[in-house]
Every structure is written in structure tokens, then in C-alpha cells.
Amino acid sequence: MTVLGLRRAVIGGSIARDIDVALENVVYAELVRRGYEVTIGRVREKEVDFVCDKDDRRLFVQVAYLMATEEVRAREYGALDAVKARGEKLLLTMDRLDLSTETVSHRYLPDWLVAEDVV
């Protein structure tokens with residue numbers, strides 16, 4: 001039994017939520033490894049997964065498993081679009097398609113993990 005399977009058996013949850021949490025943990029650890037000071041952000045009722053500061057650079061990061069539904073896309077882009085502060089906005093998912101917008105850079109999470117640049 002995997003750790004996620006054991007967790008689900010003990011406290012419940014869904015596979016999609018477990019994957020999202022696992023991906024967020026991986027991204028958090030990588031951001032810290034890259035030297036960022038990482039906190040969680042909130043804009044009104046929306047939550048930004050990570051607000052990252054390093055030197056004079058600020059980065060807002062959302063992490064999601066897949067952008068499979070309009071509801072997920074609205075939630076993830078909505079949180080980043082609600083941020084009015086200066087800084088780069090990054091969405092990391094397991095989607096291979098580039099779903100970047102004018103204001104949000106979308107990256108395939110495995111590529112981001114091995115990339116030299118952050119955005």
C-alpha cells in the first residue's frame with residue numbers, strides 16, 4: 001500500500017485531492033531549495049498556493065494536478081488574476097499543453113522541476 005493509499009484509508013480523502021497535496025509539497029520543497037522564502041497568500045476569498053520572495057523578486061505560484069474542467073481553470077487562474085501586487089505569476093500542472101495567458105505563465109511541472117529558470 002502506498003503512503004497516499006494508507007492516508008486515504010485512515011483519514012479519508014480523494015485521489016485528486018491527495019495528488020494535489022503531494023504536488024504542492026514537491027513544489028514547496030523545490031522553491032525552498034531554490035532559495036525562496038515561501039508563504040501562503042490570500043486575496044479576498046481566493047487562496048494563492050505560494051507567495052515566494054527572493055532578493056527583489058516576487059513570484060506567485062498555483063499548483064494543480066490537471067486543468068481538466070472549466071471549474072478548475074476558473075479557480076486556479078482566478079486566484080492568480082486576483083493578485084494585483086507586482087510579481088510573476090506561475091501555474092504548474094501535469095498538463096503538457098501550454099495554457100499560458102497574458103498574465104500567467106503555465107508550465108508542465110516535471111519540466112519546471114529540472115529547469116534552471118523558475119518561470
# chains A, B, ... in the order shown; residues from 1 in each chain; ligands from 1
$ select_by_dssp --residues "chain A" --states "strand (DSSP E or B)" --output "ChimeraX atom specification"
/A:37-43,46-54,57-63,88-93,105-108
$ residues_around --residues "Leu91 (chain A)" --least-positions-apart "4" --cutoff "6 Å" --atoms "only C-alpha atoms" --output "list in words"
Val61, Gln62, Val63 and His106 of chain A
$ write_last_selection --atoms "N, CA and C atoms" --output "mmCIF file, in the first residue's frame"
data_model
loop_
_atom_site.group_PDB
_atom_site.id
_atom_site.type_symbol
_atom_site.label_atom_id
_atom_site.label_comp_id
_atom_site.auth_asym_id
_atom_site.auth_seq_id
_atom_site.Cartn_x
_atom_site.Cartn_y
_atom_site.Cartn_z
ATOM 1 N N VAL A 61 2.613 31.449 -7.112
ATOM 2 C CA VAL A 61 2.560 30.114 -7.714
ATOM 3 C C VAL A 61 1.275 29.392 -7.332
ATOM 4 N N GLN A 62 0.610 28.844 -8.336
ATOM 5 C CA GLN A 62 -0.516 27.941 -8.146
ATOM 6 C C GLN A 62 -0.094 26.567 -8.652
ATOM 7 N N VAL A 63 -0.544 25.527 -7.955
ATOM 8 C CA VAL A 63 -0.229 24.149 -8.331
ATOM 9 C C VAL A 63 -1.541 23.384 -8.446
ATOM 10 N N HIS A 106 2.098 29.295 -17.688
ATOM 11 C CA HIS A 106 1.749 27.917 -17.350
ATOM 12 C C HIS A 106 2.905 27.008 -17.740
#
$ residues_around --residues "Val26 (chain A)" --least-positions-apart "5" --cutoff "12 Å" --atoms "only C-alpha atoms" --output "PyMOL selection string"
chain A and resi 19-21+31-33+63-64+92-93+109-110+112-113
$ write_last_selection --atoms "N, CA and C atoms" --output "PDB file, in the first residue's frame"
ATOM      1  N   ILE A  19      -3.347  13.881  -4.741  1.00  0.00           N
ATOM      2  CA  ILE A  19      -2.345  14.208  -5.758  1.00  0.00           C
ATOM      3  C   ILE A  19      -2.014  15.695  -5.701  1.00  0.00           C
ATOM      4  N   ASP A  20      -3.043  16.543  -5.576  1.00  0.00           N
ATOM      5  CA  ASP A  20      -2.802  17.983  -5.463  1.00  0.00           C
ATOM      6  C   ASP A  20      -1.901  18.298  -4.274  1.00  0.00           C
ATOM      7  N   VAL A  21      -2.170  17.693  -3.139  1.00  0.00           N
ATOM      8  CA  VAL A  21      -1.363  17.934  -1.936  1.00  0.00           C
ATOM      9  C   VAL A  21       0.069  17.455  -2.144  1.00  0.00           C
ATOM     10  N   LEU A  31      10.926  25.129  -4.300  1.00  0.00           N
ATOM     11  CA  LEU A  31      11.051  26.576  -4.146  1.00  0.00           C
ATOM     12  C   LEU A  31      12.004  26.921  -3.001  1.00  0.00           C
ATOM     13  N   VAL A  32      11.897  26.218  -1.891  1.00  0.00           N
ATOM     14  CA  VAL A  32      12.801  26.437  -0.762  1.00  0.00           C
ATOM     15  C   VAL A  32      14.222  26.068  -1.152  1.00  0.00           C
ATOM     16  N   ARG A  33      14.383  24.960  -1.877  1.00  0.00           N
ATOM     17  CA  ARG A  33      15.714  24.554  -2.328  1.00  0.00           C
ATOM     18  C   ARG A  33      16.338  25.619  -3.223  1.00  0.00           C
ATOM     19  N   VAL A  63      -0.544  25.527  -7.955  1.00  0.00           N
ATOM     20  CA  VAL A  63      -0.229  24.149  -8.331  1.00  0.00           C
ATOM     21  C   VAL A  63      -1.541  23.384  -8.446  1.00  0.00           C
ATOM     22  N   ALA A  64      -1.721  22.665  -9.547  1.00  0.00           N
ATOM     23  CA  ALA A  64      -2.903  21.835  -9.742  1.00  0.00           C
ATOM     24  C   ALA A  64      -2.500  20.585 -10.511  1.00  0.00           C
ATOM     25  N   LEU A  92       1.619  25.716 -12.258  1.00  0.00           N
ATOM     26  CA  LEU A  92       2.298  24.442 -12.509  1.00  0.00           C
ATOM     27  C   LEU A  92       1.279  23.315 -12.469  1.00  0.00           C
ATOM     28  N   THR A  93       1.237  22.512 -13.544  1.00  0.00           N
ATOM     29  CA  THR A  93       0.300  21.387 -13.608  1.00  0.00           C
ATOM     30  C   THR A  93       0.967  20.209 -14.320  1.00  0.00           C
ATOM     31  N   LEU A 109       4.804  20.716 -14.857  1.00  0.00           N
ATOM     32  CA  LEU A 109       5.550  20.633 -13.602  1.00  0.00           C
ATOM     33  C   LEU A 109       6.863  19.852 -13.704  1.00  0.00           C
ATOM     34  N   PRO A 110       6.902  18.666 -14.310  1.00  0.00           N
ATOM     35  CA  PRO A 110       8.192  17.959 -14.405  1.00  0.00           C
ATOM     36  C   PRO A 110       9.268  18.762 -15.146  1.00  0.00           C
ATOM     37  N   TRP A 112       9.459  22.039 -15.232  1.00  0.00           N
ATOM     38  CA  TRP A 112       9.837  23.118 -14.315  1.00  0.00           C
ATOM     39  C   TRP A 112      10.813  22.619 -13.254  1.00  0.00           C
ATOM     40  N   LEU A 113      10.603  21.410 -12.781  1.00  0.00           N
ATOM     41  CA  LEU A 113      11.468  20.862 -11.729  1.00  0.00           C
ATOM     42  C   LEU A 113      12.940  20.735 -12.174  1.00  0.00           C
TER      43      LEU A 113
END
$ residues_around --residues "region 76-82 of chain A" --least-positions-apart "5" --cutoff "9 Å" --atoms "only C-alpha atoms" --output "PyMOL selection string"
chain A and resi 42-49+60-64+67+71+89-91+103-104
$ select_by_dssp --residues "chain A" --states "helix (DSSP H, G or I)" --output "JSON, numbers by chain"
{"A": [3, 4, 5, 6, 7, 8, 9, 10, 11, 15, 16, 17, 18, 19, 20, 21, 22, 23, 24, 25, 26, 27, 28, 29, 30, 31, 32, 33, 70, 71, 72, 73, 74, 75, 76, 77, 78, 79, 80, 81, 109, 110, 111, 112, 113, 114]}
$ atom_distance --atom1 "CA of Glu88 (chain A)" --atom2 "CA of Arg57 (chain A)"
8.3 Å
$ closest_residue --among "A:Tyr36, A:Gly87, A:Val72, A:Leu99" --to "Leu59 (chain A)" --atoms "only C-alpha atoms"
A:Gly87
